[in-house]
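Q: There's a structure below that I have some questions on.
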Amino acid sequence: MDHLRNISDARCVHWSGHTDRGHVRPNNEDSFLALCFNAQEIHYLGKIGEAPTGPTDFVFAVSDGMGGARAGEFASRITVDKITHLLPRSFKQSAMGLETGVEDVFGELFDQIHRALTFVGSGDEEVNGMQATLSLCWFTPGWMYFGHIGDSRIYYLPAKGTEMKQLSHDDTFVGWLFRTGQISEREARHHPRRTALQKALGGGNQFIDPHVGAVAYEPGDMFLICSDGLTEGLYDNQIFEMLRHPDAIAAGSPPALRLVGASLERAGRDNTTAVVIEMK
């Protein structure tokens, strides 16, 4: 499991989420989730909010469904719904040893979602072969644990840094080429195989091996979870500038809304979703 360490004394979490079907697609196959829970109760969160850290854990996730017609829409909804039911149950079982057991927790979560999508997709011709990506951030006191599969993304903007780090690995051949320095970000964006997934939940995928990692956060740290529609319209440096140095007008709107709006202005061929989390 990948670990990035900081000194943590953040006192509250602020979030915003926004999704749009874009200019071309007839429906939105993206879904996002904002949730808080403890051993006793679960609460869905609104699209924008702020809450203290400590009393509860927070989960934010983005899923991009695929499969044609309305199959993709169903796939992403099933994915985020399963998180709501499965993750709090795992929390109860492993609360005393979370740091050592998080890979098992995520492994079981992703496997159960995969099985559910495969089962539903095999029993209904309308959604046959549906699949979904999943990028998930779980905030506990002091730590953010993430699990990922597909080509949605998780970004980390350290409070004391001057750049943005992509925590998740794109599960595509093009993503591997970019990570190994064989192509540039611009070349990756225009590569003909950029959307060909090597891993996803559901569909004909046999093995589920999510990328799992952790970050110890501090006040001022920001995290972004987004679908590939957002990065189709915005380069990483543009995302960083819009989050860290928005102009006076843009600063008055929720971060997720301004990111999605800016991406749609430049592209908009795909569904576009962003969830921005800031530790304060």
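Order determines the names: the first chain of the structure tokens is A, the second B, and so forth; residues in each chain are numbered 1 upward, and ligands are numbered 1 upward as they are shown.
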Taking a cut-off of 10 Å and counting only C-alpha atoms, can you build a table that, for each residue of range 87-139 of chain A near range 165-179 of chain A, reports the nearest atom pair and how far apart they are in Å (one decimal), sorted by chain then residue number, as CSV?
A:
residue,atom,partner,partner_atom,distance
A:Thr133,CA,A:Asp171,CA,9.5
A:Ser135,CA,A:Ser168,CA,7.9
A:Leu136,CA,A:Ser168,CA,9.9
Q: Mind dumping the selected residues with C-alpha atoms as a PDB file, in the first residue's frame?
A:
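Just written: out04.pdb:
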ATOM      1  CA  THR A 133     -14.669   2.685 -12.466  1.00  0.00           C
ATOM      2  CA  SER A 135     -12.151   6.144  -7.042  1.00  0.00           C
ATOM      3  CA  LEU A 136     -12.811   6.385  -3.306  1.00  0.00           C
TER       4      LEU A 136
END
Q: For Gly202 in chain A, which residue among A:Gly67, A:Pro254, A:Pro158, A:Gly142 is the nearest when counting only C-alpha atoms?
A: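 Looking at the shortest contact to Gly202 in chain A, the residue is A:Gly67.
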Q: Which is closest to Arg70 in chain A among A:Lys160, A:Arg25, A:His18, A:His211, if we use only C-alpha atoms?
A: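 Smallest distance to Arg70 in chain A is found for A:Arg25.
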Q: Quick one: everything within 6 Å of Met144 in chain A, counting only C-alpha atoms, minus sequence neighbours fewer than 2 positions away in the same chain. Send it as a list in words.
A: Trp138, Phe139, Ala214 and Val215 of chain A
Q: Show me, as a ChimeraX atom specification, the residues that have an atom within 10 Å of Gly229 in chain A when counting only C-alpha atoms, minus same-chain residues fewer than 5 positions from it.
A: /A:19-22,30,64,152,234,260,263-264,267-274
Q: From the DSSP assignment of the backbone, select every residue of range 202-250 of chain A that is alpha helix (DSSP H), and format the answer as a ChimeraX atom specification.
A: /A:228-233,236-244
Q: How would the residues just chosen look if you wrote them out with N, CA and C atoms as a compact mmCIF listing (two decimals), in the first residue's frame?
A:
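What ended up in part_16.txt:
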# COMPACT_ATOMS: atom_id res chain seq x y z
N ASP A 228 -13.05 10.93 -15.92
CA ASP A 228 -12.14 11.30 -17.00
C ASP A 228 -12.70 12.43 -17.86
N GLY A 229 -14.00 12.71 -17.74
CA GLY A 229 -14.56 13.85 -18.46
C GLY A 229 -13.94 15.16 -18.02
N LEU A 230 -13.59 15.28 -16.74
CA LEU A 230 -12.99 16.52 -16.25
C LEU A 230 -11.61 16.72 -16.84
N THR A 231 -10.80 15.67 -16.86
CA THR A 231 -9.43 15.81 -17.35
C THR A 231 -9.36 15.82 -18.87
N GLU A 232 -10.47 15.53 -19.53
CA GLU A 232 -10.51 15.72 -20.98
C GLU A 232 -10.47 17.20 -21.33
N GLY A 233 -11.04 18.03 -20.45
CA GLY A 233 -11.09 19.46 -20.72
C GLY A 233 -10.03 20.27 -20.03
N ASP A 236 -3.54 19.17 -15.88
CA ASP A 236 -3.28 19.16 -14.44
C ASP A 236 -2.91 20.54 -13.90
N ASN A 237 -2.09 21.29 -14.64
CA ASN A 237 -1.68 22.61 -14.15
C ASN A 237 -2.87 23.57 -14.10
N GLN A 238 -3.83 23.41 -15.01
CA GLN A 238 -5.03 24.24 -14.97
C GLN A 238 -5.89 23.91 -13.76
N ILE A 239 -6.02 22.62 -13.46
CA ILE A 239 -6.77 22.20 -12.28
C ILE A 239 -6.12 22.78 -11.02
N PHE A 240 -4.80 22.66 -10.93
CA PHE A 240 -4.09 23.18 -9.76
C PHE A 240 -4.33 24.67 -9.58
N GLU A 241 -4.19 25.44 -10.65
CA GLU A 241 -4.38 26.90 -10.56
C GLU A 241 -5.80 27.26 -10.16
N MET A 242 -6.78 26.54 -10.70
CA MET A 242 -8.17 26.85 -10.38
C MET A 242 -8.51 26.53 -8.93
N LEU A 243 -7.84 25.54 -8.37
CA LEU A 243 -8.10 25.18 -6.98
C LEU A 243 -7.29 26.04 -6.00
N ARG A 244 -6.04 26.30 -6.33
CA ARG A 244 -5.17 27.03 -5.40
C ARG A 244 -5.17 28.54 -5.61
Q: Just checking: using only C-alpha atoms, which residue out of A:His245, A:Gly121, A:Leu201, A:Arg89 ends up closest to Thr162 in chain A?
A: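 Smallest distance to Thr162 in chain A is found for A:His245.
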Q: For Glu108 in chain A, which of A:Ala61, A:Ala159, A:Ile149, A:Ile208 is the closest residue, counting only C-alpha atoms?
A: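 Under the stated criterion, the closest residue is A:Ile208.
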Q: If you count only C-alpha atoms, which residues fall within 10 Å of Val59 in chain A, apart from same-chain ones fewer than 5 positions away, as a PyMOL selection string?
A: chain A and resi 33-37+44-45+83-84+87-88+136-140+144-146
Q: Enter the distance from CA of Val212 in chain A to CA of Leu117 in chain A, in Å, rounded to one decimal.
A: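 CA of Val212 in chain A sits 20.8 Å away from CA of Leu117 in chain A.
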Q: For CA of Thr195 in chain A and CA of Pro26 in chain A, quote the distance in Å rounded to one decimal.
A: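 Separating CA of Thr195 in chain A from CA of Pro26 in chain A is a distance of 19.1 Å.
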Q: Based on DSSP run over this structure's backbone, return all residues of range 48-94 of chain A in strand (DSSP E), as JSON, numbers by chain.
A: {"A": [48, 49, 50, 51, 52, 57, 58, 59, 60, 61, 62, 63, 64, 65, 66]}
Q: Would you mind exporting N, CA and C atoms of the selected residues as a tab-separated table (two decimals), in the first residue's frame?
A:
chain	number	residue	atom	x	y	z
A	48	ILE	N	-22.56	20.31	-1.02
A	48	ILE	CA	-21.61	21.26	-0.45
A	48	ILE	C	-21.78	21.23	1.07
A	49	GLY	N	-20.67	21.26	1.80
A	49	GLY	CA	-20.81	21.27	3.25
A	49	GLY	C	-19.49	21.33	3.98
A	50	GLU	N	-19.59	21.42	5.29
A	50	GLU	CA	-18.41	21.44	6.17
A	50	GLU	C	-18.79	20.77	7.46
A	51	ALA	N	-17.88	19.99	8.04
A	51	ALA	CA	-18.16	19.28	9.28
A	51	ALA	C	-16.86	19.02	10.01
A	52	PRO	N	-16.91	18.88	11.35
A	52	PRO	CA	-15.69	18.61	12.11
A	52	PRO	C	-15.19	17.19	11.87
A	57	ASP	N	-16.30	9.26	10.44
A	57	ASP	CA	-15.46	9.11	9.26
A	57	ASP	C	-16.22	9.65	8.06
A	58	PHE	N	-15.48	10.04	7.02
A	58	PHE	CA	-16.08	10.59	5.80
A	58	PHE	C	-15.62	9.77	4.60
A	59	VAL	N	-16.54	9.56	3.68
A	59	VAL	CA	-16.22	8.86	2.44
A	59	VAL	C	-16.71	9.68	1.26
A	60	PHE	N	-15.84	9.86	0.28
A	60	PHE	CA	-16.19	10.54	-0.97
A	60	PHE	C	-15.75	9.65	-2.11
A	61	ALA	N	-16.58	9.55	-3.15
A	61	ALA	CA	-16.26	8.63	-4.23
A	61	ALA	C	-16.84	9.13	-5.54
A	62	VAL	N	-16.20	8.72	-6.64
A	62	VAL	CA	-16.70	8.98	-8.00
A	62	VAL	C	-16.65	7.67	-8.76
A	63	SER	N	-17.73	7.37	-9.48
A	63	SER	CA	-17.79	6.18	-10.32
A	63	SER	C	-18.30	6.58	-11.70
A	64	ASP	N	-17.64	6.04	-12.72
A	64	ASP	CA	-18.01	6.29	-14.12
A	64	ASP	C	-18.47	4.96	-14.71
A	65	GLY	N	-19.75	4.87	-15.05
A	65	GLY	CA	-20.31	3.64	-15.58
A	65	GLY	C	-20.16	3.52	-17.08
A	66	MET	N	-20.15	2.29	-17.56
A	66	MET	CA	-20.00	2.02	-18.99
A	66	MET	C	-20.88	0.84	-19.37
Q: Counting only C-alpha atoms, which residue out of A:Ala132, A:Ile42, A:Leu86, A:Val120 sits closest to Gly68 in chain A?
A: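 Looking at the shortest contact to Gly68 in chain A, the residue is A:Ala132.
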